[in-house]
Structure formats: C-alpha cells, structure tokens
$ cat work.cif   # mmCIF, C-alpha atoms, pLDDT in the B column; chains and numbers go by the auth columns
data_query
loop_
_atom_site.group_PDB
_atom_site.id
_atom_site.type_symbol
_atom_site.label_atom_id
_atom_site.label_comp_id
_atom_site.label_asym_id
_atom_site.label_seq_id
_atom_site.Cartn_x
_atom_site.Cartn_y
_atom_site.Cartn_z
_atom_site.B_iso_or_equiv
_atom_site.auth_seq_id
_atom_site.auth_asym_id
ATOM 1 C CA MET A 1 -74.796 -127.497 -172.142 40.00 269 A
ATOM 2 C CA THR A 2 -71.632 -125.393 -172.396 47.00 270 A
ATOM 3 C CA ARG A 3 -71.259 -123.003 -169.493 52.00 271 A
ATOM 4 C CA ILE A 4 -70.911 -119.386 -170.613 59.00 272 A
ATOM 5 C CA VAL A 5 -68.153 -117.602 -168.703 60.00 273 A
ATOM 6 C CA LYS A 6 -68.260 -113.827 -168.785 72.00 274 A
ATOM 7 C CA ASP A 7 -65.904 -111.177 -167.544 83.00 275 A
ATOM 8 C CA PRO A 8 -66.910 -110.345 -163.916 84.00 276 A
ATOM 9 C CA LYS A 9 -67.496 -106.669 -164.765 89.00 277 A
ATOM 10 C CA VAL A 10 -69.688 -107.623 -167.715 91.00 278 A
ATOM 11 C CA ARG A 11 -71.643 -110.143 -165.637 93.00 279 A
ATOM 12 C CA LYS A 12 -72.195 -107.700 -162.780 95.00 280 A
ATOM 13 C CA LYS A 13 -73.371 -104.961 -165.166 94.00 281 A
ATOM 14 C CA GLU A 14 -75.714 -107.451 -166.808 95.00 282 A
ATOM 15 C CA LEU A 15 -77.264 -108.336 -163.449 96.00 283 A
ATOM 16 C CA LEU A 16 -77.654 -104.648 -162.562 96.00 284 A
ATOM 17 C CA ASP A 17 -79.225 -103.879 -165.949 95.00 285 A
ATOM 18 C CA ILE A 18 -81.707 -106.734 -165.587 96.00 286 A
ATOM 19 C CA ALA A 19 -82.524 -105.822 -161.984 95.00 287 A
ATOM 20 C CA GLU A 20 -83.128 -102.181 -162.820 92.00 288 A
ATOM 21 C CA ARG A 21 -85.385 -103.112 -165.721 93.00 289 A
ATOM 22 C CA LEU A 22 -87.406 -105.484 -163.561 93.00 290 A
ATOM 23 C CA PHE A 23 -87.645 -102.924 -160.738 90.00 291 A
ATOM 24 C CA ILE A 24 -88.977 -100.380 -163.249 87.00 292 A
ATOM 25 C CA GLU A 25 -91.389 -102.784 -164.939 88.00 293 A
ATOM 26 C CA ASN A 26 -92.692 -104.693 -161.927 88.00 294 A
ATOM 27 C CA GLY A 27 -91.723 -102.638 -158.886 86.00 295 A
ATOM 28 C CA TYR A 28 -88.890 -103.203 -156.424 88.00 296 A
ATOM 29 C CA GLU A 29 -90.853 -105.162 -153.837 88.00 297 A
ATOM 30 C CA GLU A 30 -92.543 -107.307 -156.473 90.00 298 A
ATOM 31 C CA THR A 31 -89.189 -108.364 -157.949 93.00 299 A
ATOM 32 C CA ALA A 32 -87.468 -111.312 -156.279 96.00 300 A
ATOM 33 C CA VAL A 33 -83.860 -112.393 -156.588 96.00 301 A
ATOM 34 C CA SER A 34 -85.166 -115.478 -158.401 96.00 302 A
ATOM 35 C CA ASP A 35 -86.708 -113.206 -161.057 97.00 303 A
ATOM 36 C CA ILE A 36 -83.333 -111.571 -161.649 97.00 304 A
ATOM 37 C CA VAL A 37 -81.351 -114.798 -161.893 96.00 305 A
ATOM 38 C CA ASN A 38 -83.980 -116.458 -164.096 96.00 306 A
ATOM 39 C CA GLU A 39 -83.883 -113.525 -166.486 95.00 307 A
ATOM 40 C CA ALA A 40 -80.073 -113.585 -166.508 93.00 308 A
ATOM 41 C CA LYS A 41 -80.052 -117.378 -166.817 93.00 309 A
ATOM 42 C CA VAL A 42 -77.560 -117.788 -163.968 93.00 310 A
ATOM 43 C CA ALA A 43 -77.584 -119.617 -160.643 93.00 311 A
ATOM 44 C CA HIS A 44 -78.468 -117.970 -157.343 95.00 312 A
ATOM 45 C CA GLY A 45 -74.858 -118.496 -156.303 94.00 313 A
ATOM 46 C CA THR A 46 -73.731 -116.260 -159.155 94.00 314 A
ATOM 47 C CA PHE A 47 -75.997 -113.480 -157.940 96.00 315 A
ATOM 48 C CA TYR A 48 -74.720 -113.749 -154.365 96.00 316 A
ATOM 49 C CA HIS A 49 -71.144 -113.751 -155.612 95.00 317 A
ATOM 50 C CA TYR A 50 -71.681 -110.124 -156.686 96.00 318 A
ATOM 51 C CA PHE A 51 -74.343 -108.913 -154.260 96.00 319 A
ATOM 52 C CA LYS A 52 -75.191 -109.696 -150.642 96.00 320 A
ATOM 53 C CA SER A 53 -78.884 -108.957 -151.158 94.00 321 A
ATOM 54 C CA LYS A 54 -81.489 -107.308 -153.341 94.00 322 A
ATOM 55 C CA ASP A 55 -81.058 -104.175 -151.214 92.00 323 A
ATOM 56 C CA GLU A 56 -77.413 -104.009 -152.238 94.00 324 A
ATOM 57 C CA VAL A 57 -78.486 -104.181 -155.874 95.00 325 A
ATOM 58 C CA LEU A 58 -80.765 -101.186 -155.339 91.00 326 A
ATOM 59 C CA ASP A 59 -77.895 -99.418 -153.589 91.00 327 A
ATOM 60 C CA GLU A 60 -75.646 -99.856 -156.610 93.00 328 A
ATOM 61 C CA ILE A 61 -78.418 -98.829 -158.989 91.00 329 A
ATOM 62 C CA THR A 62 -78.831 -95.663 -156.903 90.00 330 A
ATOM 63 C CA ASP A 63 -75.107 -94.975 -157.317 91.00 331 A
ATOM 64 C CA ARG A 64 -75.455 -95.502 -161.044 90.00 332 A
ATOM 65 C CA ILE A 65 -78.371 -93.057 -161.254 89.00 333 A
ATOM 66 C CA VAL A 66 -76.390 -90.475 -159.258 90.00 334 A
ATOM 67 C CA ASN A 67 -73.369 -90.772 -161.548 92.00 335 A
ATOM 68 C CA GLU A 68 -75.540 -90.637 -164.650 91.00 336 A
ATOM 69 C CA VAL A 69 -77.337 -87.470 -163.512 90.00 337 A
ATOM 70 C CA ALA A 70 -74.077 -85.836 -162.381 92.00 338 A
ATOM 71 C CA ASN A 71 -72.365 -86.574 -165.703 94.00 339 A
ATOM 72 C CA LYS A 72 -75.314 -85.231 -167.689 92.00 340 A
ATOM 73 C CA ALA A 73 -75.456 -82.102 -165.515 93.00 341 A
ATOM 74 C CA ARG A 74 -71.717 -81.549 -165.927 94.00 342 A
ATOM 75 C CA LYS A 75 -71.967 -81.880 -169.694 94.00 343 A
ATOM 76 C CA ALA A 76 -75.051 -79.647 -169.898 92.00 344 A
ATOM 77 C CA ALA A 77 -73.420 -76.894 -167.830 93.00 345 A
ATOM 78 C CA GLU A 78 -69.960 -76.891 -169.353 91.00 346 A
ATOM 79 C CA GLY A 79 -68.554 -73.995 -171.365 89.00 347 A
ATOM 80 C CA ARG A 80 -67.747 -70.582 -169.891 88.00 348 A
ATOM 81 C CA GLU A 81 -67.988 -69.153 -173.404 93.00 349 A
ATOM 82 C CA ARG A 82 -71.764 -69.664 -173.172 94.00 350 A
ATOM 83 C CA ASP A 83 -74.295 -67.365 -171.553 95.00 351 A
ATOM 84 C CA PRO A 84 -74.621 -68.362 -167.853 95.00 352 A
ATOM 85 C CA LEU A 85 -78.418 -68.344 -168.181 95.00 353 A
ATOM 86 C CA ASP A 86 -78.114 -70.897 -170.982 94.00 354 A
ATOM 87 C CA ARG A 87 -75.905 -73.037 -168.771 95.00 355 A
ATOM 88 C CA LEU A 88 -78.330 -72.776 -165.841 94.00 356 A
ATOM 89 C CA THR A 89 -81.325 -73.630 -168.014 91.00 357 A
ATOM 90 C CA ASP A 90 -79.606 -76.699 -169.466 92.00 358 A
ATOM 91 C CA TYR A 91 -78.563 -77.727 -165.961 91.00 359 A
ATOM 92 C CA PHE A 92 -82.164 -77.592 -164.711 87.00 360 A
ATOM 93 C CA ARG A 93 -83.378 -79.450 -167.792 87.00 361 A
ATOM 94 C CA VAL A 94 -81.251 -82.434 -166.770 88.00 362 A
ATOM 95 C CA PHE A 95 -83.065 -82.634 -163.444 80.00 363 A
ATOM 96 C CA GLN A 96 -86.461 -82.112 -165.026 77.00 364 A
ATOM 97 C CA THR A 97 -85.962 -85.185 -167.221 81.00 365 A
ATOM 98 C CA ALA A 98 -83.821 -87.310 -164.860 78.00 366 A
ATOM 99 C CA GLY A 99 -86.647 -89.621 -163.795 77.00 367 A
ATOM 100 C CA ILE A 100 -88.109 -90.285 -167.232 79.00 368 A
ATOM 101 C CA GLY A 101 -88.207 -94.031 -167.835 83.00 369 A
ATOM 102 C CA ARG A 102 -87.632 -94.762 -164.151 83.00 370 A
ATOM 103 C CA GLU A 103 -90.944 -93.517 -162.769 81.00 371 A
ATOM 104 C CA ARG A 104 -91.846 -96.644 -160.786 81.00 372 A
ATOM 105 C CA LEU A 105 -88.388 -96.915 -159.288 83.00 373 A
ATOM 106 C CA MET A 106 -88.283 -93.222 -158.337 81.00 374 A
ATOM 107 C CA GLU A 107 -91.765 -93.427 -156.837 82.00 375 A
ATOM 108 C CA TYR A 108 -90.571 -96.289 -154.657 84.00 376 A
ATOM 109 C CA ILE A 109 -87.526 -94.320 -153.482 82.00 377 A
ATOM 110 C CA HIS A 110 -89.723 -91.320 -152.670 80.00 378 A
ATOM 111 C CA GLU A 111 -92.237 -93.226 -150.558 82.00 379 A
ATOM 112 C CA ASP A 112 -92.318 -92.061 -146.924 82.00 380 A
ATOM 113 C CA ARG A 113 -91.298 -95.486 -145.641 83.00 381 A
ATOM 114 C CA ASN A 114 -88.168 -95.329 -147.813 82.00 382 A
ATOM 115 C CA ALA A 115 -86.937 -91.972 -146.564 81.00 383 A
ATOM 116 C CA HIS A 116 -83.537 -93.545 -145.903 82.00 384 A
ATOM 117 C CA LEU A 117 -83.190 -94.353 -149.623 81.00 385 A
ATOM 118 C CA HIS A 118 -84.196 -90.850 -150.604 82.00 386 A
ATOM 119 C CA LEU A 119 -81.708 -89.375 -148.125 85.00 387 A
ATOM 120 C CA LYS A 120 -78.990 -91.680 -149.435 84.00 388 A
ATOM 121 C CA LEU A 121 -79.716 -90.551 -152.986 86.00 389 A
ATOM 122 C CA GLU A 122 -79.430 -86.886 -151.999 87.00 390 A
ATOM 123 C CA ASN A 123 -76.296 -87.411 -149.888 89.00 391 A
ATOM 124 C CA ARG A 124 -74.538 -88.997 -152.837 91.00 392 A
ATOM 125 C CA LEU A 125 -75.841 -86.593 -155.460 90.00 393 A
ATOM 126 C CA TYR A 126 -75.330 -83.227 -153.761 92.00 394 A
ATOM 127 C CA PRO A 127 -71.497 -83.351 -153.450 94.00 395 A
ATOM 128 C CA LYS A 128 -71.277 -84.070 -157.183 93.00 396 A
ATOM 129 C CA ILE A 129 -73.815 -81.452 -158.248 93.00 397 A
ATOM 130 C CA ILE A 130 -73.126 -78.440 -156.022 95.00 398 A
ATOM 131 C CA PRO A 131 -69.687 -77.648 -157.545 95.00 399 A
ATOM 132 C CA ILE A 132 -71.238 -77.638 -161.031 95.00 400 A
ATOM 133 C CA LEU A 133 -73.979 -75.247 -159.964 95.00 401 A
ATOM 134 C CA GLU A 134 -71.493 -73.128 -157.982 97.00 402 A
ATOM 135 C CA ASP A 135 -69.448 -72.540 -161.144 96.00 403 A
ATOM 136 C CA ILE A 136 -72.566 -71.382 -162.993 96.00 404 A
ATOM 137 C CA VAL A 137 -73.395 -68.980 -160.152 97.00 405 A
ATOM 138 C CA LYS A 138 -69.852 -67.546 -160.202 97.00 406 A
ATOM 139 C CA HIS A 139 -70.107 -67.158 -163.967 97.00 407 A
ATOM 140 C CA GLY A 140 -73.423 -65.312 -163.586 97.00 408 A
ATOM 141 C CA VAL A 141 -71.880 -63.002 -160.972 97.00 409 A
ATOM 142 C CA ASP A 142 -68.943 -62.256 -163.309 96.00 410 A
ATOM 143 C CA GLU A 143 -71.362 -61.422 -166.133 96.00 411 A
ATOM 144 C CA GLY A 144 -73.497 -59.158 -163.917 96.00 412 A
ATOM 145 C CA TYR A 145 -76.618 -61.343 -163.897 96.00 413 A
ATOM 146 C CA PHE A 146 -76.368 -62.349 -160.238 97.00 414 A
ATOM 147 C CA ASP A 147 -75.335 -60.534 -157.078 97.00 415 A
ATOM 148 C CA THR A 148 -74.184 -62.834 -154.297 97.00 416 A
ATOM 149 C CA GLU A 149 -71.015 -62.984 -152.227 96.00 417 A
ATOM 150 C CA TYR A 150 -71.573 -66.652 -151.418 97.00 418 A
ATOM 151 C CA PRO A 151 -71.777 -68.677 -154.659 97.00 419 A
ATOM 152 C CA ARG A 152 -71.446 -72.076 -152.963 97.00 420 A
ATOM 153 C CA LEU A 153 -74.105 -71.279 -150.371 97.00 421 A
ATOM 154 C CA ALA A 154 -76.354 -69.960 -153.142 97.00 422 A
ATOM 155 C CA ALA A 155 -75.771 -73.137 -155.175 96.00 423 A
ATOM 156 C CA THR A 156 -76.597 -75.314 -152.169 95.00 424 A
ATOM 157 C CA SER A 157 -79.729 -73.288 -151.376 94.00 425 A
ATOM 158 C CA ILE A 158 -80.962 -73.519 -154.962 92.00 426 A
ATOM 159 C CA LEU A 159 -80.412 -77.267 -155.114 90.00 427 A
ATOM 160 C CA VAL A 160 -82.117 -77.962 -151.785 86.00 428 A
ATOM 161 C CA SER A 161 -85.012 -75.552 -152.400 82.00 429 A
ATOM 162 C CA THR A 162 -85.808 -76.589 -155.958 78.00 430 A
ATOM 163 C CA ASN A 163 -85.519 -80.261 -155.024 75.00 431 A
ATOM 164 C CA ALA A 164 -87.996 -79.749 -152.183 68.00 432 A
ATOM 165 C CA VAL A 165 -90.436 -78.049 -154.559 65.00 433 A
ATOM 166 C CA SER A 166 -90.017 -80.796 -157.146 61.00 434 A
ATOM 167 C CA GLU A 167 -91.036 -83.387 -154.563 60.00 435 A
ATOM 168 C CA ARG A 168 -94.627 -82.297 -155.177 56.00 436 A
ATOM 169 C CA LYS A 169 -94.654 -84.443 -158.304 53.00 437 A
ATOM 170 C CA HIS A 170 -94.054 -87.536 -156.188 50.00 438 A
ATOM 171 C CA ASP A 171 -97.536 -87.627 -154.671 49.00 439 A
ATOM 172 C CA HIS A 172 -97.669 -91.479 -154.610 45.00 440 A
ATOM 173 C CA THR A 173 -100.745 -91.492 -156.849 45.00 441 A
ATOM 174 C CA GLY A 174 -98.887 -91.890 -160.123 42.00 442 A
ATOM 175 C CA LYS A 175 -100.072 -88.435 -161.173 45.00 443 A
ATOM 176 C CA GLY A 176 -97.702 -85.473 -161.223 46.00 444 A
ATOM 177 C CA THR A 177 -98.679 -82.012 -160.156 47.00 445 A
ATOM 178 C CA THR A 178 -99.641 -79.544 -162.884 47.00 446 A
ATOM 179 C CA ASP A 179 -99.778 -76.449 -160.709 59.00 447 A
ATOM 180 C CA PRO A 180 -99.425 -73.546 -163.210 58.00 448 A
ATOM 181 C CA GLN A 181 -97.865 -71.341 -160.516 69.00 449 A
ATOM 182 C CA LEU A 182 -95.135 -73.843 -159.675 70.00 450 A
ATOM 183 C CA LEU A 183 -92.677 -72.715 -162.368 71.00 451 A
ATOM 184 C CA GLN A 184 -93.159 -69.041 -161.521 78.00 452 A
ATOM 185 C CA GLY A 185 -92.671 -69.755 -157.840 81.00 453 A
ATOM 186 C CA VAL A 186 -89.453 -71.671 -158.475 82.00 454 A
ATOM 187 C CA LEU A 187 -88.086 -68.915 -160.713 85.00 455 A
ATOM 188 C CA ASP A 188 -88.895 -66.232 -158.130 90.00 456 A
ATOM 189 C CA LEU A 189 -87.196 -68.291 -155.436 90.00 457 A
ATOM 190 C CA VAL A 190 -84.039 -68.809 -157.487 93.00 458 A
ATOM 191 C CA GLU A 191 -83.891 -65.111 -158.393 94.00 459 A
ATOM 192 C CA LYS A 192 -84.040 -64.130 -154.732 95.00 460 A
ATOM 193 C CA ILE A 193 -81.290 -66.582 -153.794 96.00 461 A
ATOM 194 C CA LEU A 194 -79.057 -65.312 -156.574 96.00 462 A
ATOM 195 C CA GLY A 195 -79.784 -61.627 -156.059 96.00 463 A
ATOM 196 C CA ALA A 196 -80.955 -61.475 -159.664 96.00 464 A
ATOM 197 C CA LYS A 197 -83.306 -58.924 -161.163 94.00 465 A
ATOM 198 C CA LYS A 198 -86.937 -59.911 -160.623 93.00 466 A
ATOM 199 C CA GLY A 199 -88.354 -61.438 -163.775 92.00 467 A
ATOM 200 C CA LEU A 200 -84.895 -62.151 -165.233 94.00 468 A
ATOM 201 C CA PHE A 201 -85.621 -65.794 -165.983 90.00 469 A
ATOM 202 C CA MET A 202 -89.061 -65.216 -167.468 88.00 470 A
ATOM 203 C CA GLU A 203 -87.571 -62.538 -169.740 90.00 471 A
ATOM 204 C CA TYR A 204 -84.855 -64.966 -170.737 90.00 472 A
ATOM 205 C CA LEU A 205 -87.332 -67.806 -171.412 85.00 473 A
ATOM 206 C CA GLU A 206 -89.608 -65.556 -173.461 87.00 474 A
ATOM 207 C CA LYS A 207 -86.630 -64.319 -175.466 85.00 475 A
ATOM 208 C CA LYS A 208 -85.439 -67.856 -176.126 81.00 476 A
ATOM 209 C CA GLY A 209 -88.959 -68.911 -177.080 73.00 477 A
ATOM 210 C CA GLY A 210 -89.184 -66.101 -179.595 55.00 478 A
ATOM 211 C CA ASN A 211 -85.964 -67.077 -181.336 56.00 479 A
#
$ encode --input "work.cif" --output "structure tokens"
Amino acid sequence: MTRIVKDPKVRKKELLDIAERLFIENGYEETAVSDIVNEAKVAHGTFYHYFKSKDEVLDEITDRIVNEVANKARKAAEGRERDPLDRLTDYFRVFQTAGIGRERLMEYIHEDRNAHLHLKLENRLYPKIIPILEDIVKHGVDEGYFDTEYPRLAATSILVSTNAVSERKHDHTGKGTTDPQLLQGVLDLVEKILGAKKGLFMEYLEKKGGN
C-alpha cells in the first residue's frame, strides 16, 4: 500500500478535526487516542509526533474555539457607522450561539472537576474579547446611550457578569435553564454597569422586533 504523505499542517488539522468530532460525538473521556488514529488511518507514532497526549489535543481545540469565538465577535461588532446597540446585540448573539454543535464538549469543560479547563478557556478568551466590547461601550458613550467613565472596566464587568449568569445553562443534566426572568435580569445588570437608561435594551429589542 502506498503511504500517503501530507503536509504537516494539513495532517495536524486533520487530527484535531477528527478528535474534536469524536469528543463531541462520544465524549472526551470515552475517546481514546486509538480511536483518533484509527479514524485518521495513521499510526500512533504519527499522533505523538504532533501531540504529547490527548490532553494536549483538548488544549489546542480549546485554543481553536477561543479564536473562532473571538473572530466571530470581532466581525459581529465591527462598524462604527452602525448603531452601538446593534453592535452590542450582535456581539451577545455570538456568545449565545457559541456552543451550538459542541454541547457535549462544553458540558465536559464546565464540569466541576474540570474547573482548570474552564479557567483556561476564560483566561485565553477574555484578553481577545474585552477590547472588542470596550470599543462598543466607548461608541455607546459617544452616542449618548451609556454613561461611564471607565469603558474597559465596564466591558470587563459585563463579560464576567453575563458569563457567570450564562453558566446556569450548564447544569450537568443536559437540560438548559428556561428561566423567563433570566433575560430581563441580564439586561438590567448590563444597563446598571453601563449607566444606561433603565429599560433601554427592552425598548430597543421591542423596536427591532416590530420592524
């Protein structure tokens, strides 16, 4: 049989793609290195040429998720010619849909015993996201929507607070929360942080829904 030689970058991406798919389909702990190499039709030595362990694979997949979310958030929030509330809404929409298709993997990362993975995810994501959100806050201040002298602190507070609230959907039962007051509570919290008029976001959402 002729040995297929691939570019190292292509081979590594292939292994990461296969590993992520198997982690999502079967669970991280239920997926062995042998499953990955069998699916990729390569030898174990090929796997260990690129990765020291399965944990390192998960580490690189985490980096990939972070970069993907950051790039989507950046694209969603770009454009100072747009209304800052539009930019903020599109920014939040990225986070609302970030875990779709990766539910099993995200549940694993959010388990209490894997707090170190969750912390690693946040530590890598926050430095990429906060500047994007800070620019939206500054834009909102310039347009008179928000009233804060500390846009970066406000951006950080919003990210940390809304992320903490969103953790409620990771209840380790496979069922997300459907608390009808959750959205209102988040909007009230963000308005307070930004020094925005109470009810600003609900008015905006109702207006957008009516158009």
$ residues_around --input "work.cif" --residues "Tyr359 in chain A" --least-positions-apart "3" --cutoff "8 Å" --atoms "all atoms listed in the file" --output "list in words"
Ala341, Arg342, Ala344, Ala345, Arg355, Leu356, Val362, Phe363 and Leu401 of chain A
$ resolve_selection --input "work.cif" --expression "the PyMOL selection byres ((chain A and resi 304) around 12)" --output "number ranges by chain"
A: 280, 282-291, 294, 296, 298-303, 305-312, 314-316, 319, 321-322, 325
$ write_last_selection --input "work.cif" --atoms "C-alpha atoms" --output "PDB file, in the coordinates of the input"
ATOM      1  CA  LYS A 280     -72.195-107.700-162.780  1.00 95.00           C
ATOM      2  CA  GLU A 282     -75.714-107.451-166.808  1.00 95.00           C
ATOM      3  CA  LEU A 283     -77.264-108.336-163.449  1.00 96.00           C
ATOM      4  CA  LEU A 284     -77.654-104.648-162.562  1.00 96.00           C
ATOM      5  CA  ASP A 285     -79.225-103.879-165.949  1.00 95.00           C
ATOM      6  CA  ILE A 286     -81.707-106.734-165.587  1.00 96.00           C
ATOM      7  CA  ALA A 287     -82.524-105.822-161.984  1.00 95.00           C
ATOM      8  CA  GLU A 288     -83.128-102.181-162.820  1.00 92.00           C
ATOM      9  CA  ARG A 289     -85.385-103.112-165.721  1.00 93.00           C
ATOM     10  CA  LEU A 290     -87.406-105.484-163.561  1.00 93.00           C
ATOM     11  CA  PHE A 291     -87.645-102.924-160.738  1.00 90.00           C
ATOM     12  CA  ASN A 294     -92.692-104.693-161.927  1.00 88.00           C
ATOM     13  CA  TYR A 296     -88.890-103.203-156.424  1.00 88.00           C
ATOM     14  CA  GLU A 298     -92.543-107.307-156.473  1.00 90.00           C
ATOM     15  CA  THR A 299     -89.189-108.364-157.949  1.00 93.00           C
ATOM     16  CA  ALA A 300     -87.468-111.312-156.279  1.00 96.00           C
ATOM     17  CA  VAL A 301     -83.860-112.393-156.588  1.00 96.00           C
ATOM     18  CA  SER A 302     -85.166-115.478-158.401  1.00 96.00           C
ATOM     19  CA  ASP A 303     -86.708-113.206-161.057  1.00 97.00           C
ATOM     20  CA  VAL A 305     -81.351-114.798-161.893  1.00 96.00           C
ATOM     21  CA  ASN A 306     -83.980-116.458-164.096  1.00 96.00           C
ATOM     22  CA  GLU A 307     -83.883-113.525-166.486  1.00 95.00           C
ATOM     23  CA  ALA A 308     -80.073-113.585-166.508  1.00 93.00           C
ATOM     24  CA  LYS A 309     -80.052-117.378-166.817  1.00 93.00           C
ATOM     25  CA  VAL A 310     -77.560-117.788-163.968  1.00 93.00           C
ATOM     26  CA  ALA A 311     -77.584-119.617-160.643  1.00 93.00           C
ATOM     27  CA  HIS A 312     -78.468-117.970-157.343  1.00 95.00           C
ATOM     28  CA  THR A 314     -73.731-116.260-159.155  1.00 94.00           C
ATOM     29  CA  PHE A 315     -75.997-113.480-157.940  1.00 96.00           C
ATOM     30  CA  TYR A 316     -74.720-113.749-154.365  1.00 96.00           C
ATOM     31  CA  PHE A 319     -74.343-108.913-154.260  1.00 96.00           C
ATOM     32  CA  SER A 321     -78.884-108.957-151.158  1.00 94.00           C
ATOM     33  CA  LYS A 322     -81.489-107.308-153.341  1.00 94.00           C
ATOM     34  CA  VAL A 325     -78.486-104.181-155.874  1.00 95.00           C
TER      35      VAL A 325
END
$ resolve_selection --input "work.cif" --expression "the PyMOL selection byres ((chain A and resi 404) around 10)" --output "NGL selection string"
:A and (345-348 or 351-356 or 359 or 398-403 or 405-410 or 419 or 423)
$ closest_residue --input "work.cif" --among "A:Ser429, A:Thr365, A:Asn335, A:Gln452" --to "Arg392 in chain A" --atoms "only C-alpha atoms"
A:Asn335
$ closest_residue --input "work.cif" --among "A:Ile426, A:Ile461, A:Leu385, A:Ile368" --to "Asp323 in chain A" --atoms "all atoms listed in the file"
A:Leu385
$ atom_distance --input "work.cif" --atom1 "CA of Ala383 in chain A" --atom2 "CA of Arg420 in chain A"
26.0 Å
$ atom_distance --input "work.cif" --atom1 "CA of Lys340 in chain A" --atom2 "CA of Lys466 in chain A"
28.7 Å
$ atom_distance --input "work.cif" --atom1 "CA of Thr416 in chain A" --atom2 "CA of Glu459 in chain A"
10.8 Å
$ closest_residue --input "work.cif" --among "A:Met470, A:Asp275, A:Arg381, A:Glu297" --to "Gly453 in chain A" --atoms "all atoms listed in the file"
A:Met470
$ closest_residue --input "work.cif" --among "A:Tyr318, A:Lys460, A:Ile292, A:Glu328" --to "Pro276 in chain A" --atoms "only C-alpha atoms"
A:Tyr318
$ closest_residue --input "work.cif" --among "A:Glu324, A:Thr330, A:Glu293, A:Lys343" --to "Lys388 in chain A" --atoms "only C-alpha atoms"
A:Thr330
$ residues_around --input "work.cif" --residues "Lys465 in chain A" --least-positions-apart "3" --cutoff "8 Å" --atoms "all atoms listed in the file" --output "VMD selection string"
chain A and resid 413 to 414 459 468
$ closest_residue --input "work.cif" --among "A:Asn431, A:Gln364, A:Thr357, A:Ser425" --to "His386 in chain A" --atoms "all atoms listed in the file"
A:Asn431
$ axis_aligned_box --input "work.cif" --around "range 361-372 of chain A" --padding-each-side "6 Å" --output "AutoDock Vina command-line options"
--center_x -86.5 --center_y -88.0 --center_z -164.3 --size_x 22.6 --size_y 29.2 --size_z 19.0
$ closest_atom_pairs --input "work.cif" --of "range 345-463 of chain A" --to "range 331-334 of chain A" --cutoff "12 Å" --atoms "all atoms listed in the file" --output "CSV"
residue,atom,partner,partner_atom,distance
A:Phe363,CA,A:Val334,CA,11.1
A:Ala366,CA,A:Ile333,CA,8.7
A:Gly367,CA,A:Ile333,CA,9.3
A:Ile368,CA,A:Ile333,CA,11.8
A:Gly369,CA,A:Ile333,CA,11.9
A:Arg370,CA,A:Ile333,CA,9.9
A:Leu373,CA,A:Ile333,CA,10.9
A:Met374,CA,A:Ile333,CA,10.3
A:Leu385,CA,A:Asp331,CA,11.2
A:His386,CA,A:Val334,CA,11.7
A:Lys388,CA,A:Asp331,CA,9.4
A:Leu389,CA,A:Val334,CA,7.1
A:Glu390,CA,A:Val334,CA,8.6
A:Asn391,CA,A:Val334,CA,9.9
A:Arg392,CA,A:Val334,CA,6.8
A:Leu393,CA,A:Val334,CA,5.5
A:Tyr394,CA,A:Val334,CA,9.2
A:Pro395,CA,A:Val334,CA,10.4
A:Lys396,CA,A:Val334,CA,8.5
A:Ile397,CA,A:Val334,CA,9.4
$ decode --input "work.cif" --residues "range 297-318 of chain A" --atoms "C-alpha atoms" --output "short mmCIF file (atom, residue, chain, number, x, y, z; two decimals), in the first residue's frame"
data_model
loop_
_atom_site.label_atom_id
_atom_site.label_comp_id
_atom_site.auth_asym_id
_atom_site.auth_seq_id
_atom_site.Cartn_x
_atom_site.Cartn_y
_atom_site.Cartn_z
CA GLU A 297 -13.19 10.62 28.37
CA GLU A 298 -14.79 7.96 26.19
CA THR A 299 -12.50 8.79 23.26
CA ALA A 300 -9.09 7.12 23.26
CA VAL A 301 -6.03 8.04 21.24
CA SER A 302 -6.53 4.76 19.38
CA ASP A 303 -9.98 5.96 18.27
CA ILE A 304 -8.43 9.11 16.81
CA VAL A 305 -5.63 7.36 14.95
CA ASN A 306 -7.95 4.63 13.65
CA GLU A 307 -10.32 7.24 12.29
CA ALA A 308 -7.42 9.14 10.70
CA LYS A 309 -5.88 5.90 9.44
CA VAL A 310 -2.44 6.77 10.81
CA ALA A 311 -0.05 5.13 13.26
CA HIS A 312 0.15 6.03 16.94
CA GLY A 313 3.61 7.41 16.25
CA THR A 314 2.10 9.96 13.87
CA PHE A 315 -0.25 11.16 16.58
CA TYR A 316 2.56 11.52 19.13
CA HIS A 317 4.66 13.37 16.58
CA TYR A 318 2.14 16.23 16.80
#
